[in-house]
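Engineer: I am sharing final-v8.cif, which consists of mmCIF, C-alpha atoms:
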```cif
data_run
#
loop_
_atom_site.group_PDB
_atom_site.id
_atom_site.type_symbol
_atom_site.label_atom_id
_atom_site.label_comp_id
_atom_site.auth_asym_id
_atom_site.auth_seq_id
_atom_site.Cartn_x
_atom_site.Cartn_y
_atom_site.Cartn_z
ATOM 1 C CA MET P 1 9.610 14.498 13.833
ATOM 2 C CA ASN P 2 7.262 17.103 15.255
ATOM 3 C CA SER P 3 3.883 17.291 13.592
ATOM 4 C CA LEU P 4 0.872 19.479 14.238
ATOM 5 C CA ARG P 5 -1.554 18.192 16.799
ATOM 6 C CA ILE P 6 -4.764 17.092 15.146
ATOM 7 C CA PRO P 7 -7.899 17.800 17.195
ATOM 8 C CA ILE P 8 -9.439 14.560 18.450
ATOM 9 C CA ALA P 9 -12.735 15.210 16.637
ATOM 10 C CA LEU P 10 -10.885 15.615 13.332
ATOM 11 C CA HIS P 11 -8.852 12.456 13.917
ATOM 12 C CA GLN P 12 -12.075 10.623 14.745
ATOM 13 C CA ALA P 13 -13.624 11.863 11.476
ATOM 14 C CA VAL P 14 -10.580 10.583 9.565
ATOM 15 C CA MET P 15 -10.861 7.203 11.252
ATOM 16 C CA LEU P 16 -14.641 7.004 10.710
ATOM 17 C CA CYS P 17 -14.170 7.554 6.973
ATOM 18 C CA LEU P 18 -11.296 5.063 6.863
ATOM 19 C CA ARG P 19 -13.284 2.406 8.728
ATOM 20 C CA ASP P 20 -16.435 2.957 6.660
ATOM 21 C CA LYS P 21 -14.525 2.649 3.366
ATOM 22 C CA LEU P 22 -12.559 -0.354 4.617
ATOM 23 C CA GLN P 23 -15.771 -2.099 5.676
ATOM 24 C CA LEU P 24 -17.306 -1.347 2.270
ATOM 25 C CA ALA P 25 -14.235 -2.790 0.546
ATOM 26 C CA ASN P 26 -14.199 -5.891 2.727
ATOM 27 C CA GLN P 27 -17.882 -6.533 1.998
ATOM 28 C CA THR P 28 -17.573 -5.863 -1.732
ATOM 29 C CA LEU P 29 -14.372 -7.874 -2.146
ATOM 30 C CA ASN P 30 -15.331 -10.606 0.335
ATOM 31 C CA SER P 31 -12.073 -9.949 2.173
ATOM 32 C CA GLN P 32 -10.746 -9.281 5.673
ATOM 33 C CA TYR P 33 -8.245 -6.452 5.177
ATOM 34 C CA THR P 34 -7.153 -4.975 8.498
ATOM 35 C CA GLU P 35 -7.214 -1.326 9.437
ATOM 36 C CA PRO P 36 -4.036 0.436 8.324
ATOM 37 C CA ALA P 37 -2.032 2.628 10.669
ATOM 38 C CA VAL P 38 -2.630 6.355 10.218
ATOM 39 C CA SER P 39 -0.027 9.014 10.939
ATOM 40 C CA TYR P 40 0.139 12.742 10.338
ATOM 41 C CA GLN P 41 3.732 12.849 9.145
ATOM 42 C CA GLN P 42 3.318 13.849 5.478
ATOM 43 C CA ARG P 43 5.053 17.124 4.628
ATOM 44 C CA GLY P 44 5.148 19.523 1.728
ATOM 45 C CA THR P 45 2.363 19.863 -0.820
ATOM 46 C CA THR P 46 1.494 16.152 -0.881
ATOM 47 C CA ALA P 47 -1.828 15.505 0.866
ATOM 48 C CA GLY P 48 -1.097 11.885 1.710
ATOM 49 C CA THR P 49 0.868 8.780 0.872
ATOM 50 C CA ALA P 50 0.162 5.081 1.170
ATOM 51 C CA TRP P 51 3.003 2.938 2.473
ATOM 52 C CA SER P 52 1.883 -0.431 1.162
ATOM 53 C CA GLN P 53 4.431 -2.693 2.802
ATOM 54 C CA GLN P 54 3.989 -0.961 6.174
ATOM 55 C CA TRP P 55 0.178 -0.936 5.710
ATOM 56 C CA GLU P 56 0.169 2.724 6.680
ATOM 57 C CA ILE P 57 -1.394 5.942 5.477
ATOM 58 C CA ARG P 58 0.489 9.192 6.111
ATOM 59 C CA LEU P 59 -1.550 12.379 5.974
ATOM 60 C CA ASN P 60 -0.471 16.009 5.738
ATOM 61 C CA PRO P 61 -1.652 17.650 8.975
ATOM 62 C CA VAL P 62 -1.583 21.212 7.599
ATOM 63 C CA LEU P 63 -3.680 20.385 4.533
ATOM 64 C CA LEU P 64 -6.042 18.315 6.694
ATOM 65 C CA LEU P 65 -6.587 21.225 9.103
ATOM 66 C CA GLU P 66 -7.123 23.666 6.226
ATOM 67 C CA ASN P 67 -9.490 21.470 4.160
ATOM 68 C CA GLN P 68 -11.079 19.229 6.753
ATOM 69 C CA GLN P 69 -14.153 17.545 5.216
ATOM 70 C CA ALA P 70 -12.971 17.749 1.599
ATOM 71 C CA PHE P 71 -9.626 16.272 2.660
ATOM 72 C CA ILE P 72 -11.315 13.412 4.516
ATOM 73 C CA ASP P 73 -13.728 12.694 1.649
ATOM 74 C CA GLU P 74 -11.014 12.691 -1.038
ATOM 75 C CA VAL P 75 -7.599 11.892 0.425
ATOM 76 C CA VAL P 76 -8.441 9.157 2.934
ATOM 77 C CA PRO P 77 -10.207 6.915 0.352
ATOM 78 C CA HIS P 78 -7.521 7.757 -2.244
ATOM 79 C CA GLU P 79 -4.728 6.459 -0.018
ATOM 80 C CA LEU P 80 -6.777 3.501 1.232
ATOM 81 C CA ALA P 81 -7.393 2.506 -2.386
ATOM 82 C CA HIS P 82 -3.622 2.351 -2.950
ATOM 83 C CA LEU P 83 -3.252 -0.061 -0.020
ATOM 84 C CA LEU P 84 -6.175 -2.217 -1.129
ATOM 85 C CA VAL P 85 -4.903 -2.398 -4.714
ATOM 86 C CA TYR P 86 -1.467 -3.424 -3.482
ATOM 87 C CA ALA P 87 -2.983 -6.117 -1.237
ATOM 88 C CA ARG P 88 -5.223 -7.457 -4.006
ATOM 89 C CA PHE P 89 -3.090 -7.057 -7.153
ATOM 90 C CA GLY P 90 0.492 -6.436 -5.996
ATOM 91 C CA ARG P 91 2.607 -3.762 -7.624
ATOM 92 C CA VAL P 92 0.639 -2.072 -10.403
ATOM 93 C CA ALA P 93 0.483 1.430 -11.908
ATOM 94 C CA PRO P 94 -0.204 3.828 -9.011
ATOM 95 C CA HIS P 95 -3.239 5.509 -10.605
ATOM 96 C CA GLY P 96 -3.977 2.917 -13.261
ATOM 97 C CA LYS P 97 -6.981 0.791 -14.095
ATOM 98 C CA ALA P 98 -6.923 -1.230 -10.844
ATOM 99 C CA TRP P 99 -6.740 1.895 -8.668
ATOM 100 C CA ARG P 100 -9.517 3.647 -10.605
ATOM 101 C CA TRP P 101 -11.676 0.515 -10.309
ATOM 102 C CA MET P 102 -11.027 0.343 -6.563
ATOM 103 C CA MET P 103 -11.921 4.016 -6.113
ATOM 104 C CA GLU P 104 -15.056 4.082 -8.250
ATOM 105 C CA GLN P 105 -16.529 0.574 -8.141
ATOM 106 C CA VAL P 106 -15.517 -0.497 -4.644
ATOM 107 C CA LEU P 107 -15.158 2.671 -2.549
ATOM 108 C CA HIS P 108 -17.673 4.752 -4.566
ATOM 109 C CA VAL P 109 -15.425 7.812 -4.748
ATOM 110 C CA SER P 110 -14.433 9.793 -7.828
ATOM 111 C CA ALA P 111 -10.940 8.744 -8.950
ATOM 112 C CA GLN P 112 -8.879 11.938 -8.857
ATOM 113 C CA ARG P 113 -5.099 11.601 -9.104
ATOM 114 C CA THR P 114 -4.310 14.884 -7.375
ATOM 115 C CA HIS P 115 -5.964 17.222 -4.919
ATOM 116 C CA ASN P 116 -6.961 20.810 -5.658
ATOM 117 C CA PHE P 117 -6.251 22.238 -2.214
ATOM 118 C CA SER P 118 -4.352 25.493 -1.886
ATOM 119 C CA THR P 119 -0.751 24.699 -0.994
ATOM 120 C CA LEU P 120 0.456 28.228 -0.268
ATOM 121 C CA SER P 121 0.846 27.531 3.452
ATOM 122 C CA VAL P 122 2.963 24.401 2.865
ATOM 123 C CA GLN P 123 4.884 25.457 -0.196
ATOM 124 C CA GLY P 124 8.578 25.924 0.380
ATOM 125 C CA LYS P 125 11.041 27.896 -1.653
ATOM 126 C CA THR P 126 10.460 27.568 -5.385
ATOM 127 C CA PHE P 127 12.422 28.313 -8.536
ATOM 128 C CA PRO P 128 10.936 29.808 -11.707
ATOM 129 C CA TYR P 129 11.154 27.721 -14.875
ATOM 130 C CA ARG P 130 9.757 28.546 -18.285
ATOM 131 C CA CYS P 131 8.433 26.697 -21.314
ATOM 132 C CA ALA P 132 6.877 27.987 -24.543
ATOM 133 C CA CYS P 133 3.513 28.766 -22.956
ATOM 134 C CA GLN P 134 3.915 29.657 -19.270
ATOM 135 C CA GLN P 135 6.042 29.959 -16.153
ATOM 136 C CA HIS P 136 6.292 27.054 -13.701
ATOM 137 C CA GLN P 137 7.470 26.929 -10.077
ATOM 138 C CA LEU P 138 9.714 23.976 -9.248
ATOM 139 C CA SER P 139 10.477 22.855 -5.707
ATOM 140 C CA VAL P 140 14.010 22.974 -4.333
ATOM 141 C CA ARG P 141 14.337 19.206 -4.863
ATOM 142 C CA ARG P 142 13.192 19.349 -8.508
ATOM 143 C CA HIS P 143 15.353 22.420 -9.176
ATOM 144 C CA HIS P 144 18.450 20.639 -7.842
ATOM 145 C CA ARG P 145 17.651 17.483 -9.819
ATOM 146 C CA SER P 146 17.233 19.580 -12.959
ATOM 147 C CA GLN P 147 20.428 21.549 -12.406
ATOM 148 C CA SER P 148 22.486 18.430 -11.701
ATOM 149 C CA GLY P 149 21.154 16.707 -14.822
ATOM 150 C CA ASP P 150 19.488 13.907 -12.832
ATOM 151 C CA ALA P 151 16.038 14.861 -14.159
ATOM 152 C CA SER P 152 14.346 16.964 -16.779
ATOM 153 C CA TYR P 153 10.807 18.284 -16.562
ATOM 154 C CA HIS P 154 8.345 19.069 -19.335
ATOM 155 C CA CYS P 155 5.239 21.231 -19.513
ATOM 156 C CA ARG P 156 2.031 19.190 -19.519
ATOM 157 C CA ALA P 157 0.365 21.770 -21.777
ATOM 158 C CA CYS P 158 2.917 22.310 -24.555
ATOM 159 C CA GLY P 159 5.333 19.421 -23.932
ATOM 160 C CA GLU P 160 8.424 21.612 -24.036
ATOM 161 C CA ALA P 161 11.297 20.999 -21.622
ATOM 162 C CA LEU P 162 11.339 23.448 -18.731
ATOM 163 C CA ARG P 163 14.340 25.732 -18.479
ATOM 164 C CA PHE P 164 15.520 27.707 -15.464
ATOM 165 C CA ASP P 165 14.334 31.303 -15.567
ATOM 166 C CA GLY P 166 16.408 33.220 -13.002
ATOM 167 C CA MET P 167 16.464 33.603 -9.260
ATOM 168 C CA SER P 168 14.549 31.721 -6.569
ATOM 169 C CA THR P 169 11.284 32.933 -5.084
ATOM 170 C CA VAL P 170 9.678 32.257 -1.728
#
```
What do you get writing this file as structure tokens?

Structural biologist:
Amino acid sequence: MNSLRIPIALHQAVMLCLRDKLQLANQTLNSQYTEPAVSYQQRGTTAGTAWSQQWEIRLNPVLLLENQQAFIDEVVPHELAHLLVYARFGRVAPHGKAWRWMMEQVLHVSAQRTHNFSTLSVQGKTFPYRCACQQHQLSVRRHHRSQSGDASYHCRACGEALRFDGMSTV
């Protein structure tokens, strides 16, 4: 897969943050966790993912380039925390008590489940859905899952099931 080329200084900043947080965790936890692999293969609106069994962090190169320092400060520790929680506790809730503890008490970073970066540049085709209180934009994947009956989605504000509201948008 072709990914954007990350400037060396930006990659070095990512790795500096990763190494600093890993060293902090190893000292705090009296452990010897090794440095995970880092790749820039994440696509879509997701900023990053932790691949626990591969001991790898995948970062979204577009969102990294657009939000450099904020991305490094938030996303790199977030994904590292997932790996550390997996190594220490095994399979647990992705953003549960163990992950929040790892973020706040060990890595000293605010435990935010999602990023607030603009995703306009990485957002693909979307489909309008409606609930009682607002319109939502679902991705192609979620739209197809909804239409095939494999999934249903609900509004976080009002709790109502989302229903398709017409044609696709870009």

Engineer: Need to verify the contact set: stretch 58-67 of chain P, 6 Å, all atoms listed in the file, exclusion of same-chain residues closer than 5 positions in sequence. Can you return it as a list in words?

Structural biologist: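 Surrounding residues, per the criterion: Val38, Ser39, Tyr40, Gln41, Gln42, Arg43, Ala47, Gly48 and Thr49 of chain P.
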
Engineer: In terms of the shortest atom-to-atom distance over only C-alpha atoms, which of P:Ser152, P:Gln123, P:Ser118, P:Gln68 is closest to P:Gln12?

Structural biologist: P:Gln68

Engineer: To test your reading of the syntax: which residues would the PyMOL selection byres ((chain P and resi 55) around 12) return for the file shown? Reply as a list in words.

Structural biologist: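 Evaluating the PyMOL selection byres ((chain P and resi 55) around 12) on these coordinates yields Tyr33, Thr34, Glu35, Pro36, Ala37, Val38, Ser39, Thr49, Ala50, Trp51, Ser52, Gln53, Gln54, Glu56, Ile57, Arg58, Glu79, Leu80, Ala81, His82, Leu83, Leu84, Val85, Tyr86 and Ala87 of chain P.
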
Engineer: For stretch 6-11 of chain P, take all atoms listed in the file, fit an axis-aligned box around them, add 8 Å to each of the six sides, then output centre and edge lengths in Å rounded to one decimal, as JSON.

Structural biologist:
```
{"center_x": -8.7, "center_y": 15.1, "center_z": 15.9, "size_x": 24.0, "size_y": 21.3, "size_z": 21.1}
```

Engineer: When the PyMOL selection byres ((chain P and resi 111-113) around 9) is applied to the structure above, which residues does it catch, written out as a list in words?

Structural biologist: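 That selection, the PyMOL selection byres ((chain P and resi 111-113) around 9), comes back as Glu74, His78, His95, Trp99, Arg100, Trp101, Met102, Met103, Glu104, His108, Val109, Ser110, Thr114 and His115 of chain P.
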
Engineer: When the PyMOL selection byres ((chain P and resi 45) around 6) is applied to the file above, which residues end up in the set, as JSON, numbers by chain?

Structural biologist: {"P": [44, 46, 119, 122]}

Engineer: Do you have the atom CA of P:Ala157-atom CA of P:Gln135 distance handy?

Structural biologist: 11.4 Å

Engineer: Given all atoms listed in the file as the basis, pick out the residue of P:Leu107, P:Ala93, P:Ala98, P:Ala70 nearest to P:Leu18.

Structural biologist: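 Residue with the minimum atom-to-atom distance to P:Leu18: P:Leu107.
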
Engineer: Find the residue from P:Leu22, P:Val75, P:Cys155, P:Leu29 that sits nearest to P:His136; use only C-alpha atoms when measuring.

Structural biologist: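 Among P:Leu22, P:Val75, P:Cys155, P:Leu29, it is P:Cys155 that comes nearest to P:His136.
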
Engineer: Quote the spacing between atom CA of P:His143 and atom CA of P:Asp165 in Å to one decimal place.

Structural biologist: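 For atom CA of P:His143 relative to atom CA of P:Asp165, the distance reads 11.0 Å.
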
Engineer: Supply stretch 86-97 of chain P as a short mmCIF file (atom, residue, chain, number, x, y, z; two decimals), in the frame of the given file, with all heavy atoms built in where the input has gaps.

Structural biologist:
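Listed below is the output, rebuild22.cif:
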```cif
data_model
loop_
_atom_site.label_atom_id
_atom_site.label_comp_id
_atom_site.auth_asym_id
_atom_site.auth_seq_id
_atom_site.Cartn_x
_atom_site.Cartn_y
_atom_site.Cartn_z
N TYR P 86 -2.71 -2.70 -3.72
CA TYR P 86 -1.47 -3.42 -3.48
C TYR P 86 -1.76 -4.81 -2.88
O TYR P 86 -1.19 -5.82 -3.30
CB TYR P 86 -0.55 -2.62 -2.56
CG TYR P 86 0.73 -3.34 -2.23
CD1 TYR P 86 1.78 -3.38 -3.16
CD2 TYR P 86 0.91 -3.98 -1.02
CE1 TYR P 86 2.96 -4.06 -2.87
CE2 TYR P 86 2.08 -4.65 -0.72
CZ TYR P 86 3.10 -4.68 -1.65
OH TYR P 86 4.26 -5.34 -1.36
N ALA P 87 -2.66 -4.84 -1.89
CA ALA P 87 -2.98 -6.12 -1.24
C ALA P 87 -3.64 -7.09 -2.21
O ALA P 87 -3.41 -8.30 -2.14
CB ALA P 87 -3.90 -5.87 -0.04
N ARG P 88 -4.45 -6.58 -3.10
CA ARG P 88 -5.22 -7.46 -4.01
C ARG P 88 -4.46 -7.82 -5.28
O ARG P 88 -4.57 -8.94 -5.77
CB ARG P 88 -6.53 -6.77 -4.37
CG ARG P 88 -7.50 -7.66 -5.10
CD ARG P 88 -8.92 -7.20 -4.86
NE ARG P 88 -9.88 -8.05 -5.50
CZ ARG P 88 -10.54 -9.02 -4.87
NH1 ARG P 88 -10.33 -9.24 -3.60
NH2 ARG P 88 -11.40 -9.75 -5.53
N PHE P 89 -3.72 -6.85 -5.84
CA PHE P 89 -3.09 -7.06 -7.15
C PHE P 89 -1.57 -6.99 -7.14
O PHE P 89 -0.94 -7.24 -8.16
CB PHE P 89 -3.60 -6.01 -8.15
CG PHE P 89 -5.10 -6.01 -8.32
CD1 PHE P 89 -5.85 -4.96 -7.82
CD2 PHE P 89 -5.75 -7.04 -8.97
CE1 PHE P 89 -7.24 -4.94 -7.97
CE2 PHE P 89 -7.13 -7.04 -9.13
CZ PHE P 89 -7.88 -5.98 -8.62
N GLY P 90 -0.96 -6.61 -6.02
CA GLY P 90 0.49 -6.44 -6.00
C GLY P 90 0.88 -5.10 -6.59
O GLY P 90 0.08 -4.16 -6.62
N ARG P 91 2.09 -5.02 -7.08
CA ARG P 91 2.61 -3.76 -7.62
C ARG P 91 2.03 -3.53 -9.01
O ARG P 91 2.32 -4.27 -9.94
CB ARG P 91 4.13 -3.79 -7.69
CG ARG P 91 4.78 -3.89 -6.31
CD ARG P 91 6.29 -3.93 -6.42
NE ARG P 91 6.82 -2.64 -6.76
CZ ARG P 91 7.20 -1.73 -5.86
NH1 ARG P 91 7.12 -2.01 -4.58
NH2 ARG P 91 7.69 -0.57 -6.24
N VAL P 92 1.23 -2.47 -9.12
CA VAL P 92 0.64 -2.07 -10.40
C VAL P 92 0.80 -0.56 -10.55
O VAL P 92 1.27 0.11 -9.62
CB VAL P 92 -0.86 -2.48 -10.49
CG1 VAL P 92 -1.02 -3.99 -10.45
CG2 VAL P 92 -1.66 -1.83 -9.39
N ALA P 93 0.39 -0.02 -11.69
CA ALA P 93 0.48 1.43 -11.91
C ALA P 93 -0.26 2.16 -10.78
O ALA P 93 -1.40 1.81 -10.47
CB ALA P 93 -0.11 1.79 -13.26
N PRO P 94 0.38 3.17 -10.18
CA PRO P 94 -0.20 3.83 -9.01
C PRO P 94 -1.62 4.38 -9.21
O PRO P 94 -2.44 4.30 -8.32
CB PRO P 94 0.76 4.96 -8.70
CG PRO P 94 2.01 4.63 -9.41
CD PRO P 94 1.67 3.73 -10.55
N HIS P 95 -1.90 4.96 -10.35
CA HIS P 95 -3.24 5.51 -10.60
C HIS P 95 -3.83 4.90 -11.87
O HIS P 95 -4.55 5.55 -12.61
CB HIS P 95 -3.18 7.05 -10.70
CG HIS P 95 -2.73 7.68 -9.43
ND1 HIS P 95 -1.48 8.23 -9.29
CD2 HIS P 95 -3.36 7.82 -8.24
CE1 HIS P 95 -1.35 8.69 -8.05
NE2 HIS P 95 -2.47 8.46 -7.39
N GLY P 96 -3.54 3.62 -12.06
CA GLY P 96 -3.98 2.92 -13.26
C GLY P 96 -5.37 2.34 -13.13
O GLY P 96 -6.17 2.72 -12.25
N LYS P 97 -5.65 1.39 -14.00
CA LYS P 97 -6.98 0.79 -14.10
C LYS P 97 -7.43 0.15 -12.77
O LYS P 97 -8.57 0.33 -12.35
CB LYS P 97 -6.99 -0.26 -15.21
CG LYS P 97 -8.38 -0.79 -15.51
CD LYS P 97 -8.37 -1.99 -16.44
CE LYS P 97 -7.78 -1.68 -17.79
NZ LYS P 97 -7.91 -2.82 -18.72
#
```
